Number of protein chains: 2
Amino acid sequence: MSERRARASTVDKRNRLLDATEEIMLRDGYAAVSSRSVAARVGINPPLVHYYFATIDDLFVAVLRRRSLRNVARMAEALAAAEPLTQWWRLASDPRGSALFIELIAAANHRPALRAEVGEVAREVREMQIERLRSLLPEYGIDPEAIAPALVAAAMQGLAFGLVQDQGAGYDTATADAAAGMNRLLSRLEQRRAAAVSGS
Amino acid sequence: MSERRARASTVDKRNRLLDATEEIMLRDGYAAVSSRSVAARVGINPPLVHYYFATIDDLFVAVLRRRSLRNVARMAEALAAAEPLTQWWRLASDPRGSALFIELIAAANHRPALRAEVGEVAREVREMQIERLRSLLPEYGIDPEAIAPALVAAAMQGLAFGLVQDQGAGYDTATADAAAGMNRLLSRLEQRRAAAVSGS
DNA sequence: GTCTATATTGAGATAGAC
DNA sequence: GTCTATCTCAATATAGAC
């Protein structure tokens, strides 16, 4: 019965359109997303895309919503894990997720509807991170007065984005050295925290 | 004689086209750059843009080259200044320059000709920063074995890009707190270095 | 739900007159 | 150098048949 693929339900088709959109964004950038390109990838006709997503803005917003629902949950898990900073770093420097967010952010810069959504997600995630860092930094032996939680959060995300971007584009900016250095730093911090927490 | 503006020389016109391109990129994003939009801003006809820059890729590459010539020189100055890290930070977190680079990098992600140029500039700047950090980090009281120069360089740039991006887009991600924290950190580091250098 | 057909808009680029 | 005119292509989106 491999031939007789059941007619995809509306929800399935929506998800396949979102998958296709993500793949196009990752491979060719957000500017390559169009009703034509998405339709071609899914194997339907361009106008049908508009049946599911009235405008291209709606499509981008849906991609963002689906991703960020997952990612907010994953960030919450990471921050509650045994080695929070390390898990956060793994999540932030995951090429797939980050590369997609870079495209969404770039797209949002000239799509107001998308910008509002991105802003909301960014705010929520950052708030969660900062709140967690308030109690976490002392455990890692870092004085929150000396190094502000907001600074740590912004640096983690900015660093991860930069590394993923440079690696993805193939820029020769010593990304391997930076990543290795970050991993060494993280393991030292986790060791320090483990000792401090068990000792208290 | 304010009325009788002299016919702009070829070089002037080229520069005016580059200025217009930058302004459009900053205001509406790189995707808004076209022979039509640039021509309208300068007050000439679209085909004339192609006379000066055969393709839109050439136009983007020229914008990048002009900017990066300035910025590489400025980075070299910053790294040689009395307070190198502070000057570097000022330069990296300058909204105008950074916002433009964000657009160029996003554009480069789907314009191979531009990508090659961006990669070359990124590599050159990063190499310069890392080389300088090798001798600089110990002066700031930072062990380069513990915190790798490549990591510091990537973090500085990533942090600055993130802050500028979030501020520009109006995202409420505690950017003011992060910036204030960075300034505090920098002044402590500069004090430490001043003491260490004068004391040796 | 899915298609064909099409309206509209704007892009990049070129030809050729002046 | 600068213009008008135009070619070609692809984008978003809608109308309407099936």
# chains A, B, ... in the order shown; residues from 1 in each chain; ligands from 1
>>> closest_atom_pairs(of="segment 28-64 of chain B", to="chain D", cutoff="12 Å", atoms="only C-alpha atoms (C1' of nucleotides)", output="JSON lines")
{"residue": "B:Gly43", "atom": "CA", "partner": "D:DT2", "partner_atom": "C1'", "distance": 11.9}
{"residue": "B:Ile44", "atom": "CA", "partner": "D:DT2", "partner_atom": "C1'", "distance": 8.5}
{"residue": "B:Asn45", "atom": "CA", "partner": "D:DC3", "partner_atom": "C1'", "distance": 7.7}
{"residue": "B:Pro46", "atom": "CA", "partner": "D:DC3", "partner_atom": "C1'", "distance": 10.2}
{"residue": "B:Pro47", "atom": "CA", "partner": "D:DC3", "partner_atom": "C1'", "distance": 8.9}
{"residue": "B:Leu48", "atom": "CA", "partner": "D:DT2", "partner_atom": "C1'", "distance": 7.0}
{"residue": "B:Val49", "atom": "CA", "partner": "D:DT2", "partner_atom": "C1'", "distance": 10.6}
{"residue": "B:His50", "atom": "CA", "partner": "D:DT2", "partner_atom": "C1'", "distance": 11.7}
{"residue": "B:Tyr51", "atom": "CA", "partner": "D:DG1", "partner_atom": "C1'", "distance": 8.6}
{"residue": "B:Tyr52", "atom": "CA", "partner": "D:DG1", "partner_atom": "C1'", "distance": 10.0}
>>> calpha_fit_and_write(fixed="chain B", moving="chain A", output="short mmCIF file (atom, residue, chain, number, x, y, z; two decimals) with C-alpha atoms, in the first residue's frame")
data_model
loop_
_atom_site.label_atom_id
_atom_site.label_comp_id
_atom_site.auth_asym_id
_atom_site.auth_seq_id
_atom_site.Cartn_x
_atom_site.Cartn_y
_atom_site.Cartn_z
CA MET A 1 24.29 79.65 -6.66
CA SER A 2 22.49 77.15 -4.53
CA GLU A 3 20.45 76.18 -7.56
CA ARG A 4 23.29 75.30 -9.85
CA ARG A 5 24.64 72.20 -8.19
CA ALA A 6 27.71 71.14 -10.11
CA ARG A 7 27.37 67.91 -12.00
CA ALA A 8 28.51 65.26 -9.60
CA SER A 9 31.66 63.53 -10.61
CA THR A 10 31.62 59.79 -11.13
CA VAL A 11 33.25 59.18 -7.78
CA ASP A 12 30.75 61.42 -6.01
CA LYS A 13 27.83 59.69 -7.63
CA ARG A 14 29.19 56.31 -6.68
CA ASN A 15 29.51 57.44 -3.11
CA ARG A 16 26.02 58.88 -3.08
CA LEU A 17 24.69 55.57 -4.35
CA LEU A 18 26.55 53.77 -1.59
CA ASP A 19 25.21 56.22 1.01
CA ALA A 20 21.67 55.70 -0.24
CA THR A 21 22.12 51.93 -0.13
CA GLU A 22 23.30 52.07 3.46
CA GLU A 23 20.38 54.24 4.48
CA ILE A 24 17.89 51.88 2.89
CA MET A 25 19.51 48.88 4.53
CA LEU A 26 19.36 50.53 7.92
CA ARG A 27 15.78 51.67 7.58
CA ASP A 28 14.11 48.85 5.68
CA GLY A 29 16.57 46.00 5.60
CA TYR A 30 18.77 44.68 2.84
CA ALA A 31 15.85 43.12 1.02
CA ALA A 32 14.53 46.60 0.32
CA VAL A 33 17.63 47.47 -1.68
CA SER A 34 16.90 47.47 -5.38
CA SER A 35 17.89 49.51 -8.38
CA ARG A 36 14.52 51.22 -8.03
CA SER A 37 14.75 52.09 -4.35
CA VAL A 38 18.35 53.28 -4.57
CA ALA A 39 17.67 55.31 -7.70
CA ALA A 40 14.62 56.93 -6.11
CA ARG A 41 16.60 57.97 -3.07
CA VAL A 42 19.39 59.53 -5.11
CA GLY A 43 16.98 61.05 -7.61
CA ILE A 44 18.05 59.25 -10.77
CA ASN A 45 16.49 56.60 -12.93
CA PRO A 46 16.81 52.93 -12.05
CA PRO A 47 18.84 51.81 -15.05
CA LEU A 48 21.55 54.29 -14.20
CA VAL A 49 22.33 52.35 -11.06
CA HIS A 50 23.41 49.51 -13.31
CA TYR A 51 25.75 51.84 -15.09
CA TYR A 52 27.67 52.35 -11.84
CA PHE A 53 27.18 48.89 -10.40
CA ALA A 54 26.56 46.21 -12.98
CA THR A 55 24.67 43.97 -10.55
CA ILE A 56 23.08 44.39 -7.15
CA ASP A 57 25.71 42.03 -5.79
CA ASP A 58 28.38 44.48 -6.89
CA LEU A 59 26.54 47.22 -5.03
CA PHE A 60 26.45 45.24 -1.80
CA VAL A 61 30.08 44.28 -2.13
CA ALA A 62 31.02 47.93 -2.64
CA VAL A 63 29.07 48.94 0.48
CA LEU A 64 30.86 46.27 2.46
CA ARG A 65 34.29 47.23 1.13
CA ARG A 66 33.87 50.91 1.89
CA ARG A 67 32.59 50.22 5.42
CA SER A 68 35.08 47.56 6.30
CA LEU A 69 38.04 49.64 5.19
CA ARG A 70 37.00 52.18 7.80
CA ASN A 71 36.10 49.63 10.41
CA VAL A 72 39.25 47.56 10.18
CA ALA A 73 41.25 50.74 10.67
CA ARG A 74 39.10 51.76 13.63
CA MET A 75 39.44 48.35 15.22
CA ALA A 76 43.20 48.56 14.88
CA GLU A 77 43.12 51.97 16.58
CA ALA A 78 40.87 50.72 19.35
CA LEU A 79 43.14 47.76 20.06
CA ALA A 80 46.14 50.10 20.29
CA ALA A 81 44.39 52.67 22.47
CA ALA A 82 44.94 53.33 26.16
CA GLU A 83 41.88 51.32 27.18
CA PRO A 84 41.73 48.72 24.40
CA LEU A 85 38.84 46.59 25.64
CA THR A 86 36.66 49.62 26.34
CA GLN A 87 37.38 51.13 22.95
CA TRP A 88 36.73 47.83 21.23
CA TRP A 89 33.42 47.59 23.01
CA ARG A 90 32.44 51.13 21.99
CA LEU A 91 33.20 50.34 18.40
CA ALA A 92 31.46 46.97 18.41
CA SER A 93 28.32 48.28 20.08
CA ASP A 94 27.97 51.34 17.88
CA PRO A 95 24.43 51.01 16.54
CA ARG A 96 25.07 52.37 13.06
CA GLY A 97 28.01 50.20 12.18
CA SER A 98 26.68 47.05 13.79
CA ALA A 99 23.18 47.31 12.40
CA LEU A 100 24.63 47.63 8.93
CA PHE A 101 26.84 44.61 9.41
CA ILE A 102 23.91 42.55 10.60
CA GLU A 103 22.15 43.32 7.34
CA LEU A 104 25.24 42.57 5.29
CA ILE A 105 25.72 39.25 7.03
CA ALA A 106 22.09 38.32 6.56
CA ALA A 107 22.30 39.33 2.90
CA ALA A 108 25.53 37.37 2.50
CA ASN A 109 23.75 34.21 3.61
CA HIS A 110 22.19 33.96 0.19
CA ARG A 111 24.55 35.94 -2.01
CA PRO A 112 27.73 33.95 -2.58
CA ALA A 113 29.72 36.87 -4.00
CA LEU A 114 28.98 38.90 -0.89
CA ARG A 115 29.60 35.97 1.41
CA ALA A 116 33.17 35.60 0.22
CA GLU A 117 33.83 39.26 0.98
CA VAL A 118 32.20 39.16 4.40
CA GLY A 119 34.16 36.06 5.26
CA GLU A 120 37.42 37.72 4.38
CA VAL A 121 36.70 40.79 6.50
CA ALA A 122 35.47 38.70 9.43
CA ARG A 123 38.59 36.56 9.35
CA GLU A 124 40.94 39.51 9.19
CA VAL A 125 39.28 41.35 12.07
CA ARG A 126 39.06 38.28 14.26
CA GLU A 127 42.71 37.44 13.72
CA MET A 128 43.71 40.95 14.69
CA GLN A 129 41.60 40.79 17.84
CA ILE A 130 42.87 37.41 18.95
CA GLU A 131 46.48 38.35 18.35
CA ARG A 132 46.08 41.46 20.47
CA LEU A 133 44.23 39.59 23.24
CA ARG A 134 47.11 37.19 23.71
CA SER A 135 49.21 39.87 25.36
CA LEU A 136 46.27 41.90 26.60
CA LEU A 137 44.38 39.33 28.67
CA PRO A 138 47.18 38.82 31.21
CA GLU A 139 47.34 42.58 31.70
CA TYR A 140 43.65 42.53 32.54
CA GLY A 141 44.32 39.78 35.04
CA ILE A 142 42.75 37.09 32.89
CA ASP A 143 44.51 33.79 32.33
CA PRO A 144 44.44 33.03 28.55
CA GLU A 145 44.59 29.34 29.38
CA ALA A 146 41.41 29.61 31.44
CA ILE A 147 39.56 31.97 29.10
CA ALA A 148 40.73 31.62 25.51
CA PRO A 149 41.36 34.73 23.42
CA ALA A 150 39.16 33.31 20.66
CA LEU A 151 36.35 32.95 23.20
CA VAL A 152 36.69 36.52 24.45
CA ALA A 153 36.73 37.87 20.91
CA ALA A 154 33.68 35.88 19.85
CA ALA A 155 31.83 36.82 23.03
CA MET A 156 32.54 40.54 22.64
CA GLN A 157 31.29 40.60 19.08
CA GLY A 158 28.33 38.31 19.71
CA LEU A 159 27.23 40.25 22.74
CA ALA A 160 27.48 43.57 20.95
CA PHE A 161 25.59 42.29 17.93
CA GLY A 162 22.84 40.85 20.11
CA LEU A 163 22.40 44.04 22.08
CA VAL A 164 22.36 46.27 19.03
CA GLN A 165 19.92 43.99 17.26
CA ASP A 166 17.52 43.77 20.21
CA GLN A 167 17.71 47.48 20.84
CA GLY A 168 17.17 48.32 17.20
CA ALA A 169 14.18 46.02 16.89
CA GLY A 170 12.76 47.23 20.19
CA TYR A 171 12.84 43.82 21.85
CA ASP A 172 12.39 44.02 25.60
CA THR A 173 15.27 41.76 26.60
CA ALA A 174 16.87 43.77 29.39
CA THR A 175 19.41 45.25 27.02
CA ALA A 176 19.88 48.29 29.24
CA ASP A 177 20.81 46.07 32.19
CA ALA A 178 23.21 44.07 30.05
CA ALA A 179 24.86 47.19 28.64
CA ALA A 180 25.18 48.71 32.11
CA GLY A 181 26.66 45.48 33.40
CA MET A 182 29.16 45.42 30.56
CA ASN A 183 30.24 48.98 31.28
CA ARG A 184 30.77 48.18 34.96
CA LEU A 185 32.76 45.09 34.07
CA LEU A 186 34.91 47.01 31.60
CA SER A 187 35.75 49.78 34.04
CA ARG A 188 36.78 47.26 36.66
CA LEU A 189 38.97 45.49 34.14
CA GLU A 190 40.54 48.74 32.97
CA GLN A 191 41.30 49.70 36.56
CA ARG A 192 42.88 46.33 37.19
CA ARG A 193 45.00 46.67 34.09
CA ALA A 194 46.06 50.21 34.90
CA ALA A 195 47.22 49.05 38.33
CA ALA A 196 49.00 45.98 36.96
CA VAL A 197 50.76 47.80 34.14
CA SER A 198 51.91 50.71 36.29
CA GLY A 199 53.01 48.30 39.04
CA SER A 200 55.19 46.16 36.81
#
>>> closest_atom_pairs(of="chain C", to="chain A", cutoff="12 Å", atoms="only C-alpha atoms (C1' of nucleotides)", output="CSV")
residue,atom,partner,partner_atom,distance
C:DG1,C1',A:Leu48,CA,8.5
C:DT2,C1',A:Leu48,CA,7.1
C:DC3,C1',A:Asn45,CA,7.8
C:DT4,C1',A:Asn45,CA,9.9
C:DA5,C1',A:Pro47,CA,11.1
C:DT6,C1',A:Pro47,CA,11.7
>>> write_last_selection(atoms="C-alpha atoms (C1' of nucleotides)", output="PDB file, in the first residue's frame")
ATOM      1  C1'  DG C   1      -9.494  21.029  -0.601  1.00  0.00           C
ATOM      2  C1'  DT C   2      -7.383  21.465  -4.759  1.00  0.00           C
ATOM      3  C1'  DC C   3      -6.946  23.004  -9.088  1.00  0.00           C
ATOM      4  C1'  DT C   4      -6.329  26.545 -13.420  1.00  0.00           C
ATOM      5  C1'  DA C   5      -6.099  30.988 -14.725  1.00  0.00           C
ATOM      6  C1'  DT C   6      -4.976  35.490 -14.003  1.00  0.00           C
TER       7       DT C   6
END
>>> select_by_dssp(residues="segment 22-184 of chain B", states="helix (DSSP H, G or I)", output="PDB file with C-alpha atoms, in the first residue's frame")
ATOM      1  CA  GLU B  22      23.246  52.070   3.379  1.00  0.00           C
ATOM      2  CA  GLU B  23      20.321  54.257   4.353  1.00  0.00           C
ATOM      3  CA  ILE B  24      17.842  51.891   2.741  1.00  0.00           C
ATOM      4  CA  MET B  25      19.434  48.894   4.416  1.00  0.00           C
ATOM      5  CA  LEU B  26      19.274  50.572   7.805  1.00  0.00           C
ATOM      6  CA  ARG B  27      15.704  51.709   7.419  1.00  0.00           C
ATOM      7  CA  ASP B  28      14.033  48.881   5.510  1.00  0.00           C
ATOM      8  CA  TYR B  30      18.724  44.724   2.743  1.00  0.00           C
ATOM      9  CA  ALA B  31      15.806  43.129   0.906  1.00  0.00           C
ATOM     10  CA  ALA B  32      14.507  46.614   0.157  1.00  0.00           C
ATOM     11  CA  SER B  35      18.021  49.454  -8.530  1.00  0.00           C
ATOM     12  CA  ARG B  36      14.642  51.142  -8.300  1.00  0.00           C
ATOM     13  CA  SER B  37      14.779  52.036  -4.597  1.00  0.00           C
ATOM     14  CA  VAL B  38      18.359  53.244  -4.742  1.00  0.00           C
ATOM     15  CA  ALA B  39      17.739  55.277  -7.859  1.00  0.00           C
ATOM     16  CA  ALA B  40      14.669  56.903  -6.329  1.00  0.00           C
ATOM     17  CA  ARG B  41      16.611  57.927  -3.253  1.00  0.00           C
ATOM     18  CA  VAL B  42      19.426  59.504  -5.256  1.00  0.00           C
ATOM     19  CA  PRO B  46      16.951  52.897 -12.222  1.00  0.00           C
ATOM     20  CA  PRO B  47      19.033  51.777 -15.208  1.00  0.00           C
ATOM     21  CA  LEU B  48      21.724  54.255 -14.292  1.00  0.00           C
ATOM     22  CA  VAL B  49      22.434  52.293 -11.136  1.00  0.00           C
ATOM     23  CA  HIS B  50      23.510  49.441 -13.361  1.00  0.00           C
ATOM     24  CA  TYR B  51      25.884  51.759 -15.144  1.00  0.00           C
ATOM     25  CA  TYR B  52      27.769  52.283 -11.887  1.00  0.00           C
ATOM     26  CA  ILE B  56      23.135  44.359  -7.213  1.00  0.00           C
ATOM     27  CA  ASP B  57      25.742  41.999  -5.816  1.00  0.00           C
ATOM     28  CA  ASP B  58      28.422  44.454  -6.899  1.00  0.00           C
ATOM     29  CA  LEU B  59      26.574  47.199  -5.086  1.00  0.00           C
ATOM     30  CA  PHE B  60      26.444  45.225  -1.836  1.00  0.00           C
ATOM     31  CA  VAL B  61      30.093  44.265  -2.140  1.00  0.00           C
ATOM     32  CA  ALA B  62      31.038  47.903  -2.643  1.00  0.00           C
ATOM     33  CA  VAL B  63      29.054  48.926   0.454  1.00  0.00           C
ATOM     34  CA  LEU B  64      30.832  46.262   2.468  1.00  0.00           C
ATOM     35  CA  ARG B  65      34.279  47.223   1.153  1.00  0.00           C
ATOM     36  CA  ARG B  66      33.851  50.900   1.909  1.00  0.00           C
ATOM     37  CA  ARG B  67      32.553  50.242   5.422  1.00  0.00           C
ATOM     38  CA  SER B  68      35.053  47.572   6.310  1.00  0.00           C
ATOM     39  CA  LEU B  69      38.020  49.650   5.200  1.00  0.00           C
ATOM     40  CA  ARG B  70      36.964  52.200   7.806  1.00  0.00           C
ATOM     41  CA  ASN B  71      36.079  49.650  10.435  1.00  0.00           C
ATOM     42  CA  VAL B  72      39.221  47.582  10.198  1.00  0.00           C
ATOM     43  CA  ALA B  73      41.228  50.743  10.682  1.00  0.00           C
ATOM     44  CA  ARG B  74      39.080  51.777  13.630  1.00  0.00           C
ATOM     45  CA  MET B  75      39.416  48.365  15.242  1.00  0.00           C
ATOM     46  CA  ALA B  76      43.196  48.569  14.881  1.00  0.00           C
ATOM     47  CA  GLU B  77      43.115  51.983  16.569  1.00  0.00           C
ATOM     48  CA  ALA B  78      40.884  50.723  19.367  1.00  0.00           C
ATOM     49  CA  LEU B  79      43.142  47.771  20.064  1.00  0.00           C
ATOM     50  CA  ALA B  80      46.135  50.086  20.277  1.00  0.00           C
ATOM     51  CA  PRO B  84      41.744  48.718  24.412  1.00  0.00           C
ATOM     52  CA  LEU B  85      38.858  46.604  25.650  1.00  0.00           C
ATOM     53  CA  THR B  86      36.698  49.630  26.362  1.00  0.00           C
ATOM     54  CA  GLN B  87      37.413  51.138  22.960  1.00  0.00           C
ATOM     55  CA  TRP B  88      36.747  47.844  21.239  1.00  0.00           C
ATOM     56  CA  TRP B  89      33.436  47.614  23.046  1.00  0.00           C
ATOM     57  CA  ARG B  90      32.466  51.136  22.027  1.00  0.00           C
ATOM     58  CA  LEU B  91      33.207  50.351  18.424  1.00  0.00           C
ATOM     59  CA  ALA B  92      31.443  46.979  18.447  1.00  0.00           C
ATOM     60  CA  PRO B  95      24.413  51.036  16.564  1.00  0.00           C
ATOM     61  CA  ARG B  96      24.995  52.376  13.072  1.00  0.00           C
ATOM     62  CA  GLY B  97      27.924  50.203  12.157  1.00  0.00           C
ATOM     63  CA  SER B  98      26.566  47.075  13.780  1.00  0.00           C
ATOM     64  CA  ALA B  99      23.081  47.345  12.354  1.00  0.00           C
ATOM     65  CA  LEU B 100      24.544  47.666   8.893  1.00  0.00           C
ATOM     66  CA  PHE B 101      26.739  44.628   9.394  1.00  0.00           C
ATOM     67  CA  ILE B 102      23.789  42.589  10.573  1.00  0.00           C
ATOM     68  CA  GLU B 103      22.064  43.350   7.308  1.00  0.00           C
ATOM     69  CA  LEU B 104      25.174  42.594   5.269  1.00  0.00           C
ATOM     70  CA  ILE B 105      25.637  39.283   7.028  1.00  0.00           C
ATOM     71  CA  ALA B 106      22.011  38.345   6.523  1.00  0.00           C
ATOM     72  CA  ALA B 107      22.248  39.355   2.868  1.00  0.00           C
ATOM     73  CA  ALA B 108      25.478  37.375   2.504  1.00  0.00           C
ATOM     74  CA  PRO B 112      27.703  33.932  -2.555  1.00  0.00           C
ATOM     75  CA  ALA B 113      29.704  36.832  -3.954  1.00  0.00           C
ATOM     76  CA  LEU B 114      28.941  38.882  -0.872  1.00  0.00           C
ATOM     77  CA  ARG B 115      29.535  35.973   1.452  1.00  0.00           C
ATOM     78  CA  ALA B 116      33.119  35.588   0.257  1.00  0.00           C
ATOM     79  CA  GLU B 117      33.791  39.249   1.013  1.00  0.00           C
ATOM     80  CA  VAL B 118      32.151  39.169   4.430  1.00  0.00           C
ATOM     81  CA  GLY B 119      34.120  36.051   5.296  1.00  0.00           C
ATOM     82  CA  GLU B 120      37.382  37.707   4.392  1.00  0.00           C
ATOM     83  CA  VAL B 121      36.669  40.789   6.513  1.00  0.00           C
ATOM     84  CA  ALA B 122      35.442  38.717   9.451  1.00  0.00           C
ATOM     85  CA  ARG B 123      38.541  36.548   9.375  1.00  0.00           C
ATOM     86  CA  GLU B 124      40.897  39.512   9.203  1.00  0.00           C
ATOM     87  CA  VAL B 125      39.254  41.349  12.090  1.00  0.00           C
ATOM     88  CA  ARG B 126      39.010  38.271  14.277  1.00  0.00           C
ATOM     89  CA  GLU B 127      42.682  37.430  13.716  1.00  0.00           C
ATOM     90  CA  MET B 128      43.667  40.941  14.697  1.00  0.00           C
ATOM     91  CA  GLN B 129      41.567  40.799  17.859  1.00  0.00           C
ATOM     92  CA  ILE B 130      42.846  37.411  18.955  1.00  0.00           C
ATOM     93  CA  GLU B 131      46.465  38.345  18.355  1.00  0.00           C
ATOM     94  CA  ARG B 132      46.066  41.451  20.473  1.00  0.00           C
ATOM     95  CA  LEU B 133      44.215  39.591  23.236  1.00  0.00           C
ATOM     96  CA  ARG B 134      47.099  37.181  23.699  1.00  0.00           C
ATOM     97  CA  SER B 135      49.210  39.854  25.327  1.00  0.00           C
ATOM     98  CA  LEU B 136      46.274  41.892  26.590  1.00  0.00           C
ATOM     99  CA  LEU B 137      44.385  39.318  28.650  1.00  0.00           C
ATOM    100  CA  PRO B 138      47.203  38.806  31.196  1.00  0.00           C
ATOM    101  CA  GLU B 139      47.381  42.574  31.684  1.00  0.00           C
ATOM    102  CA  PRO B 149      41.332  34.747  23.417  1.00  0.00           C
ATOM    103  CA  ALA B 150      39.126  33.316  20.674  1.00  0.00           C
ATOM    104  CA  LEU B 151      36.330  32.961  23.214  1.00  0.00           C
ATOM    105  CA  VAL B 152      36.692  36.527  24.474  1.00  0.00           C
ATOM    106  CA  ALA B 153      36.709  37.883  20.932  1.00  0.00           C
ATOM    107  CA  ALA B 154      33.652  35.900  19.868  1.00  0.00           C
ATOM    108  CA  ALA B 155      31.814  36.841  23.060  1.00  0.00           C
ATOM    109  CA  MET B 156      32.538  40.553  22.667  1.00  0.00           C
ATOM    110  CA  GLN B 157      31.261  40.625  19.111  1.00  0.00           C
ATOM    111  CA  GLY B 158      28.319  38.336  19.757  1.00  0.00           C
ATOM    112  CA  LEU B 159      27.221  40.285  22.786  1.00  0.00           C
ATOM    113  CA  ALA B 160      27.469  43.603  20.995  1.00  0.00           C
ATOM    114  CA  PHE B 161      25.547  42.333  17.973  1.00  0.00           C
ATOM    115  CA  GLY B 162      22.833  40.896  20.167  1.00  0.00           C
ATOM    116  CA  LEU B 163      22.405  44.080  22.157  1.00  0.00           C
ATOM    117  CA  VAL B 164      22.363  46.327  19.115  1.00  0.00           C
ATOM    118  CA  GLN B 165      19.909  44.044  17.341  1.00  0.00           C
ATOM    119  CA  ASP B 166      17.523  43.837  20.287  1.00  0.00           C
ATOM    120  CA  GLN B 167      17.720  47.547  20.924  1.00  0.00           C
ATOM    121  CA  GLY B 168      17.158  48.374  17.282  1.00  0.00           C
ATOM    122  CA  ALA B 169      14.179  46.077  16.986  1.00  0.00           C
ATOM    123  CA  THR B 175      19.433  45.315  27.088  1.00  0.00           C
ATOM    124  CA  ALA B 176      19.921  48.343  29.323  1.00  0.00           C
ATOM    125  CA  ASP B 177      20.858  46.116  32.257  1.00  0.00           C
ATOM    126  CA  ALA B 178      23.241  44.115  30.125  1.00  0.00           C
ATOM    127  CA  ALA B 179      24.899  47.225  28.716  1.00  0.00           C
ATOM    128  CA  ALA B 180      25.237  48.759  32.167  1.00  0.00           C
ATOM    129  CA  GLY B 181      26.713  45.505  33.456  1.00  0.00           C
ATOM    130  CA  MET B 182      29.210  45.442  30.617  1.00  0.00           C
ATOM    131  CA  ASN B 183      30.292  49.006  31.320  1.00  0.00           C
ATOM    132  CA  ARG B 184      30.831  48.195  34.991  1.00  0.00           C
TER     133      ARG B 184
END
>>> decode(residues="segment 37-48 of chain B", atoms="N, CA and C atoms", output="mmCIF file, in the first residue's frame")
data_model
loop_
_atom_site.group_PDB
_atom_site.id
_atom_site.type_symbol
_atom_site.label_atom_id
_atom_site.label_comp_id
_atom_site.auth_asym_id
_atom_site.auth_seq_id
_atom_site.Cartn_x
_atom_site.Cartn_y
_atom_site.Cartn_z
ATOM 1 N N SER B 37 14.817 51.296 -5.865
ATOM 2 C CA SER B 37 14.779 52.036 -4.597
ATOM 3 C C SER B 37 15.997 52.936 -4.443
ATOM 4 N N VAL B 38 17.142 52.444 -4.846
ATOM 5 C CA VAL B 38 18.359 53.244 -4.742
ATOM 6 C C VAL B 38 18.288 54.450 -5.676
ATOM 7 N N ALA B 39 17.843 54.191 -6.880
ATOM 8 C CA ALA B 39 17.739 55.277 -7.859
ATOM 9 C C ALA B 39 16.785 56.361 -7.364
ATOM 10 N N ALA B 40 15.660 55.948 -6.812
ATOM 11 C CA ALA B 40 14.669 56.903 -6.329
ATOM 12 C C ALA B 40 15.267 57.793 -5.241
ATOM 13 N N ARG B 41 16.048 57.178 -4.368
ATOM 14 C CA ARG B 41 16.611 57.927 -3.253
ATOM 15 C C ARG B 41 17.641 58.962 -3.712
ATOM 16 N N VAL B 42 18.390 58.605 -4.752
ATOM 17 C CA VAL B 42 19.426 59.504 -5.256
ATOM 18 C C VAL B 42 18.836 60.496 -6.257
ATOM 19 N N GLY B 43 17.681 60.129 -6.818
ATOM 20 C CA GLY B 43 17.049 61.029 -7.779
ATOM 21 C C GLY B 43 17.502 60.794 -9.201
ATOM 22 N N ILE B 44 17.809 59.574 -9.542
ATOM 23 C CA ILE B 44 18.166 59.247 -10.924
ATOM 24 C C ILE B 44 17.261 58.106 -11.396
ATOM 25 N N ASN B 45 17.475 57.652 -12.595
ATOM 26 C CA ASN B 45 16.656 56.574 -13.118
ATOM 27 C C ASN B 45 17.305 55.212 -12.829
ATOM 28 N N PRO B 46 16.460 54.227 -12.601
ATOM 29 C CA PRO B 46 16.951 52.897 -12.222
ATOM 30 C C PRO B 46 18.076 52.337 -13.083
ATOM 31 N N PRO B 47 17.979 52.423 -14.412
ATOM 32 C CA PRO B 47 19.033 51.777 -15.208
ATOM 33 C C PRO B 47 20.415 52.374 -14.958
ATOM 34 N N LEU B 48 20.430 53.617 -14.501
ATOM 35 C CA LEU B 48 21.724 54.255 -14.292
ATOM 36 C C LEU B 48 22.488 53.591 -13.141
#
